[in-house]
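Visitor: Got a structure for you, run25.txt, holding compact mmCIF, C-alpha atoms.
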```
# COMPACT_ATOMS: atom_id res chain seq x y z
CA MET A 1 38.99 46.93 -1.33
CA LYS A 2 41.03 47.47 -4.47
CA PRO A 3 39.92 49.99 -7.11
CA ARG A 4 37.78 48.51 -9.85
CA TRP A 5 38.95 50.14 -13.07
CA LYS A 6 36.63 50.36 -16.05
CA GLY A 7 38.28 48.80 -19.05
CA LYS A 8 41.82 48.20 -20.14
CA GLY A 9 44.11 51.19 -19.80
CA SER A 10 41.90 53.14 -17.36
CA GLU A 11 44.40 52.94 -14.53
CA VAL A 12 47.21 54.14 -16.79
CA LYS A 13 45.10 57.10 -17.92
CA ALA A 14 44.30 58.05 -14.34
CA LEU A 15 47.94 57.87 -13.24
CA ALA A 16 49.03 59.96 -16.21
CA ASP A 17 46.47 62.68 -15.43
CA PRO A 18 46.03 62.87 -11.64
CA MET A 19 42.94 64.57 -10.23
CA SER A 20 45.03 67.09 -8.28
CA LYS A 21 46.53 68.34 -11.57
CA ILE A 22 43.10 68.67 -13.23
CA VAL A 23 41.66 70.60 -10.27
CA SER A 24 44.68 72.92 -10.34
CA GLN A 25 44.08 73.63 -14.04
CA LEU A 26 40.41 74.34 -13.35
CA GLN A 27 41.32 76.66 -10.49
CA SER A 28 43.69 78.64 -12.73
CA SER A 29 41.15 78.88 -15.56
CA LEU A 30 38.34 80.14 -13.30
CA VAL A 31 40.62 82.72 -11.68
CA GLN A 32 41.81 84.05 -15.03
CA SER A 33 38.26 84.42 -16.34
CA ASP A 34 37.03 86.01 -13.08
CA SER A 35 34.16 83.52 -13.07
CA GLN A 36 30.99 84.36 -11.18
CA GLY A 37 28.12 82.07 -10.30
CA LEU A 38 24.53 82.85 -9.37
CA LEU A 39 22.84 81.29 -6.35
CA SER A 40 19.53 79.82 -7.48
CA GLY A 41 17.53 77.68 -5.08
CA CYS A 42 19.73 74.90 -3.73
CA SER A 43 22.34 75.22 -6.46
CA VAL A 44 24.66 77.71 -8.15
CA LEU A 45 24.46 78.39 -11.89
CA LEU A 46 27.71 79.14 -13.67
CA GLU A 47 28.13 80.36 -17.26
CA VAL A 48 31.32 78.94 -18.74
CA GLY A 49 33.30 78.62 -21.95
CA ALA A 50 34.18 75.42 -23.81
CA GLU A 51 37.56 75.04 -22.05
CA GLN A 52 36.07 75.49 -18.60
CA ILE A 53 33.17 73.11 -19.13
CA ASP A 54 35.71 70.48 -20.19
CA LEU A 55 37.78 71.10 -17.05
CA LEU A 56 34.70 71.07 -14.82
CA ASN A 57 33.69 67.73 -16.32
CA ARG A 58 37.17 66.24 -15.94
CA ALA A 59 37.40 67.50 -12.36
CA CYS A 60 33.83 66.29 -11.66
CA PHE A 61 32.27 69.54 -10.49
CA GLY A 62 28.63 70.19 -11.29
CA ARG A 63 26.47 69.04 -14.16
CA PRO A 64 26.02 70.70 -17.57
CA ILE A 65 22.65 72.27 -18.34
CA ILE A 66 21.31 71.90 -21.87
CA THR A 67 19.83 75.15 -23.20
CA ALA A 68 18.62 76.44 -26.55
CA GLU A 69 21.35 79.10 -26.54
CA LYS A 70 24.20 77.68 -28.58
CA ASP A 71 26.60 80.47 -27.66
CA LYS A 72 26.19 79.93 -23.90
CA GLN A 73 27.05 76.94 -21.76
CA TRP A 74 25.85 76.57 -18.19
CA VAL A 75 26.82 74.29 -15.33
CA GLN A 76 24.76 73.60 -12.21
CA LEU A 77 26.85 73.28 -9.06
CA GLY A 78 25.65 71.85 -5.78
CA LEU A 79 25.97 74.05 -2.69
CA GLU A 80 28.96 72.14 -1.34
CA GLU A 81 30.70 72.14 -4.74
CA ALA A 82 30.17 75.87 -5.23
CA PHE A 83 31.32 76.81 -1.74
CA TYR A 84 34.40 74.61 -2.14
CA LEU A 85 35.38 76.50 -5.30
CA TYR A 86 34.66 79.79 -3.54
CA HIS A 87 36.05 79.16 -0.06
CA CYS A 88 38.78 76.57 -0.46
CA LEU A 89 40.08 77.07 -4.01
CA LYS A 90 39.17 80.78 -4.10
CA CYS A 91 38.51 80.66 -7.82
CA LEU A 92 34.81 81.54 -7.98
CA LYS A 93 32.69 84.54 -7.02
CA ILE A 94 29.02 83.98 -6.21
CA MET A 95 26.08 86.36 -6.41
CA GLY A 96 22.97 85.93 -4.30
CA GLU A 97 19.45 85.58 -5.59
CA ASP A 98 19.17 89.36 -5.27
CA ASN A 99 21.92 89.64 -7.95
CA CYS A 100 24.28 91.21 -5.43
CA SER A 101 27.77 89.86 -4.81
CA LYS A 102 28.11 88.10 -1.45
CA ASN A 103 31.05 88.05 0.91
CA GLU A 104 32.06 84.84 2.64
CA GLU A 105 29.84 85.19 5.72
CA GLU A 106 26.80 86.35 3.73
CA LEU A 107 27.15 83.43 1.34
CA TRP A 108 27.60 81.00 4.22
CA LEU A 109 24.36 82.17 5.85
CA CYS A 110 22.50 82.02 2.51
CA MET A 111 23.56 78.43 1.91
CA LYS A 112 22.84 77.48 5.50
CA SER A 113 19.31 78.87 5.12
CA LYS A 114 18.85 76.68 2.02
CA LYS A 115 20.15 73.53 3.70
CA GLU A 116 19.96 73.25 7.48
CA LYS A 117 22.91 70.88 7.85
CA PHE A 118 25.02 72.55 5.17
CA PRO A 119 27.97 73.22 7.58
CA TYR A 120 28.32 69.50 8.34
CA PHE A 121 27.91 68.35 4.75
CA TYR A 122 30.37 70.94 3.50
CA LYS A 123 32.94 69.89 6.12
CA ALA A 124 32.63 66.28 4.99
CA TYR A 125 32.72 67.22 1.30
CA SER A 126 35.78 69.46 1.66
CA CYS A 127 37.70 66.85 3.70
CA LEU A 128 37.21 64.26 0.98
CA ARG A 129 37.95 66.67 -1.88
CA MET A 130 41.15 67.91 -0.26
CA LYS A 131 42.33 64.30 -0.24
CA ASN A 132 41.70 64.24 -4.02
CA TRP A 133 38.67 61.97 -3.87
CA VAL A 134 35.96 62.70 -6.43
CA VAL A 135 32.71 63.26 -4.52
CA ARG A 136 29.29 62.78 -6.11
CA SER A 137 25.73 62.43 -4.84
CA GLY A 138 24.92 59.04 -3.36
CA SER A 139 21.14 59.39 -3.37
CA GLN A 140 20.75 56.42 -5.74
CA TYR A 141 22.33 54.22 -3.08
CA GLY A 142 20.53 55.71 -0.09
CA VAL A 143 23.65 57.51 1.19
CA ASP A 144 24.89 61.10 1.11
CA TYR A 145 27.90 60.73 -1.18
CA VAL A 146 29.81 58.18 -3.18
CA VAL A 147 33.52 58.72 -3.75
CA TYR A 148 35.85 57.75 -6.58
CA ARG A 149 39.63 57.82 -6.78
CA HIS A 150 39.35 59.38 -10.25
CA HIS A 151 36.73 60.24 -12.87
CA PRO A 152 33.68 57.92 -12.79
CA CYS A 153 34.23 57.04 -16.46
CA LEU A 154 37.53 55.39 -15.48
CA VAL A 155 36.80 53.73 -12.15
CA HIS A 156 33.89 52.55 -10.00
CA SER A 157 33.22 54.30 -6.69
CA GLU A 158 34.79 52.61 -3.68
CA TYR A 159 32.98 54.16 -0.74
CA ALA A 160 29.39 55.01 0.09
CA VAL A 161 29.45 57.91 2.56
CA LEU A 162 27.04 58.80 5.36
CA VAL A 163 27.50 62.15 7.09
CA LEU A 164 26.47 62.11 10.75
CA SER A 165 26.23 65.40 12.60
CA GLU A 166 25.63 66.09 16.27
CA GLY A 167 22.08 65.05 17.05
CA ASP A 168 21.91 62.20 14.53
CA GLU A 169 22.43 59.68 17.31
CA ASP A 170 19.56 60.77 19.51
CA GLY A 171 15.92 59.79 19.23
CA ASN A 172 14.77 62.26 16.60
CA ALA A 173 13.00 61.02 13.51
CA ASN A 174 15.84 61.96 11.17
CA ALA A 175 18.55 60.11 13.10
CA ARG A 176 20.43 57.40 11.20
CA LEU A 177 22.29 54.24 12.20
CA ARG A 178 20.57 54.35 15.61
CA THR A 179 19.65 50.67 15.65
CA TRP A 180 21.23 47.43 14.52
CA SER A 181 18.65 47.07 11.74
CA ASP A 182 19.72 50.46 10.31
CA VAL A 183 23.35 49.37 10.22
CA HIS A 184 22.51 45.94 8.80
CA CYS A 185 20.35 47.29 5.97
CA THR A 186 22.86 49.98 5.00
CA THR A 187 25.91 47.70 4.99
CA ARG A 188 24.00 45.01 3.10
CA LEU A 189 23.04 47.53 0.41
CA CYS A 190 26.62 48.80 0.16
CA GLY A 191 27.93 45.24 -0.11
CA SER A 192 25.50 44.44 -2.92
CA VAL A 193 26.93 47.29 -5.01
CA ALA A 194 30.56 46.56 -4.06
CA LYS A 195 31.10 49.60 -1.86
CA VAL A 196 32.42 50.05 1.66
CA LEU A 197 30.31 52.16 4.00
CA LEU A 198 32.29 55.17 5.21
CA VAL A 199 30.73 57.06 8.11
CA LEU A 200 31.94 60.61 8.72
CA SER A 201 30.89 61.86 12.16
CA ILE A 202 31.18 65.64 12.33
CA SER A 203 31.51 67.32 15.72
CA ARG A 204 31.43 71.08 16.19
CA ASN A 205 32.99 70.75 19.65
CA GLY A 206 30.60 73.16 21.30
CA HIS A 207 31.05 75.92 18.74
CA GLY A 208 28.29 77.56 16.70
CA THR A 209 27.86 77.48 12.93
CA ARG A 210 27.10 81.13 12.21
CA SER A 211 30.36 81.73 10.35
CA PRO A 212 32.62 79.65 8.06
CA SER A 213 35.39 80.16 10.62
CA CYS A 214 33.68 77.39 12.62
CA LEU A 215 35.04 74.87 10.11
CA GLU A 216 38.49 75.17 11.66
CA ARG A 217 37.09 73.96 14.99
CA PHE A 218 35.07 71.07 13.54
CA THR A 219 36.54 67.58 13.87
CA VAL A 220 35.83 64.61 11.59
CA GLU A 221 35.86 61.01 12.78
CA GLU A 222 36.16 58.50 9.93
CA ARG A 223 34.86 54.95 10.33
CA THR A 224 34.40 52.18 7.77
CA ILE A 225 31.76 49.54 8.41
CA THR A 226 31.68 46.26 6.50
CA ARG A 227 29.27 43.35 6.70
CA TRP A 228 30.53 40.13 8.24
CA SER A 229 29.95 37.07 6.07
CA PRO A 230 29.16 33.92 8.13
CA GLU A 231 30.60 31.80 5.32
CA GLN A 232 34.07 33.24 5.88
CA CYS A 233 36.57 30.74 7.28
CA ARG A 234 39.93 31.43 8.89
CA GLU A 235 41.44 28.35 7.21
CA ASP A 236 41.53 27.10 3.66
CA GLN A 237 38.64 24.62 3.55
CA LYS A 238 40.00 22.83 0.47
CA ILE A 239 43.25 22.04 2.23
CA ILE A 240 41.38 20.70 5.26
CA GLU A 241 39.15 18.47 3.09
CA ASN A 242 42.16 17.05 1.25
CA GLY A 243 43.85 16.22 4.53
CA LYS A 244 46.87 18.37 3.75
CA THR A 245 46.80 20.50 6.88
CA GLY A 246 50.33 21.16 8.06
CA GLU A 247 51.96 19.96 4.82
CA LYS A 248 54.26 22.24 2.83
```
Let me see whether you can do it: turn the structure in this file into structure tokens.

Guide:
Amino acid sequence: MKPRWKGKGSEVKALADPMSKIVSQLQSSLVQSDSQGLLSGCSVLLEVGAEQIDLLNRACFGRPIITAEKDKQWVQLGLEEAFYLYHCLKCLKIMGEDNCSKNEEELWLCMKSKKEKFPYFYKAYSCLRMKNWVVRSGSQYGVDYVVYRHHPCLVHSEYAVLVLSEGDEDGNANARLRTWSDVHCTTRLCGSVAKVLLVLSISRNGHGTRSPSCLERFTVEERTITRWSPEQCREDQKIIENGKTGEK
């Protein structure tokens, strides 16, 4: 599937300002300002300046929060987004709900307590982000994530992502893609919104998830699933009907 750019000149804009460059600028800005977020529920709140909120928007991290305080601007980061800035880019400090700064293992356990399968979702998120895909929530499409090759204002998302962890293929009630009807419904939905279903199967290879060091031992299997169209033909039907088969 080719990228579907939004409007004339969108591709040129994206090529002139690659996502890797924008993320690098954001990383530098957050480090210089010694930025610190606050864990609140299943998100992290971050107070930022005008320059940083622009970079966060361009890099597609978090969502701005509208407040009555004109002199303060806040951004709400998802758990995976916040931990990526903290753990991978090392440009953000995070305080717990007790207003105490957390080290890496403490923060990992806090986020894991908020979201049971956080280790698997973070592994999937970080793998996609490190490849410079923009990753956003896919809840409106019934999937975990949707990914874009640049900012959503320039291009449509290409993949709808499902994250499968160990245990998702057994008989529990939360398992997904266990039956043919599950696969058929999901791929049909993705096809109707012009996206390819990307399944990321995360395996911990027998290791626990009590520490972020487990991420190094996780493996990710990537599979794309597309719906077969019965109308597809291996030969050009028009040529056959015109009796020109074999002619040059």

Visitor: Quote the spacing between atom CA of Cys110 of chain A and atom CA of Gln32 of chain A in Å to one decimal place.

Guide: 26.2 Å

Visitor: I'd like the neighbourhood of segment 88-96 of chain A as an mmCIF file with C-alpha atoms, in the coordinates of the input, where a residue qualifies if any of its atoms comes within 7 Å (using only C-alpha atoms), though same-chain residues fewer than 2 positions away should be ignored.

Guide:
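selection18.cif written:
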```
data_model
loop_
_atom_site.group_PDB
_atom_site.id
_atom_site.type_symbol
_atom_site.label_atom_id
_atom_site.label_comp_id
_atom_site.auth_asym_id
_atom_site.auth_seq_id
_atom_site.Cartn_x
_atom_site.Cartn_y
_atom_site.Cartn_z
ATOM 1 C CA GLN A 27 41.320 76.660 -10.490
ATOM 2 C CA LEU A 30 38.340 80.140 -13.300
ATOM 3 C CA VAL A 31 40.620 82.720 -11.680
ATOM 4 C CA SER A 35 34.160 83.520 -13.070
ATOM 5 C CA GLN A 36 30.990 84.360 -11.180
ATOM 6 C CA GLY A 37 28.120 82.070 -10.300
ATOM 7 C CA LEU A 38 24.530 82.850 -9.370
ATOM 8 C CA LEU A 39 22.840 81.290 -6.350
ATOM 9 C CA TYR A 84 34.400 74.610 -2.140
ATOM 10 C CA LEU A 85 35.380 76.500 -5.300
ATOM 11 C CA TYR A 86 34.660 79.790 -3.540
ATOM 12 C CA ASP A 98 19.170 89.360 -5.270
ATOM 13 C CA ASN A 99 21.920 89.640 -7.950
ATOM 14 C CA CYS A 100 24.280 91.210 -5.430
ATOM 15 C CA SER A 101 27.770 89.860 -4.810
ATOM 16 C CA LYS A 102 28.110 88.100 -1.450
#
```

Visitor: For Glu158 of chain A, list every protein, DNA or RNA residue within 9 Å, evaluated using only C-alpha atoms, and leave out those in the same chain fewer than 5 positions away; present the list as a ChimeraX atom specification.

Guide: /A:1-4,146-149,194-197

Visitor: Please check which residues have atoms at most 10 Å from (26.5, 69.3, -8.6) in the file's coordinates, counting only C-alpha atoms, and write them as a ChimeraX atom specification.

Guide: /A:43-45,60-64,75-82,135-137

Visitor: Rounded to one decimal in Å, what is the spacing between atom CA of Leu164 of chain A and atom CA of Trp5 of chain A?

Guide: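 These two atoms are separated by 29.4 Å.
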
Visitor: What separation in Å, quoted to one decimal, exists between atom CA of Cys185 of chain A and atom CA of Glu222 of chain A?

Guide: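 Computing it gives 19.8 Å between the two atoms.
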
Visitor: For Arg210 of chain A, which residue out of A:Asp17, A:Asp54, A:Glu104, A:Asp34 is the nearest one, using only C-alpha atoms?

Guide: A:Glu104

Visitor: Axis-aligned box over every listed atom of segment 186-191 of chain A, padded by 4 Å per side: centre and edges in Å to one decimal, as JSON?

Guide:
```
{"center_x": 25.4, "center_y": 47.5, "center_z": 2.4, "size_x": 13.1, "size_y": 13.0, "size_z": 13.1}
```

Visitor: Which residues are near Met111 of chain A? Cut-off 9 Å, all atoms listed in the file, ignore same chain within fewer than 3 positions. Put them as a list in words.

Guide: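 Contacts, in chain order: Leu39, Cys42, Leu79, Glu80, Phe83, Glu106, Leu107, Trp108, Lys114, Lys115, Glu116, Phe118 and Pro119 of chain A.
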
Visitor: Here is a test: counting all atoms listed in the file, which residue of A:Lys131, A:Lys21, A:Arg58, A:Lys123 is nearest to Leu154 of chain A?

Guide: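 Smallest separation from Leu154 of chain A among the options: A:Arg58.
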
Visitor: Counting all atoms listed in the file, which residue out of A:Val193, A:Cys214, A:Leu177, A:Val48 sits closest to Tyr120 of chain A?

Guide: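 That would be A:Cys214, the residue with the smallest distance to Tyr120 of chain A.
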
Visitor: Taking (27.3, 52.2, -1.1) in the file's coordinates, which residues come within 9 Å, counting all atoms listed in the file, written as a VMD selection string?

Guide: chain A and resid 138 141 to 143 145 to 146 157 to 161 186 to 198
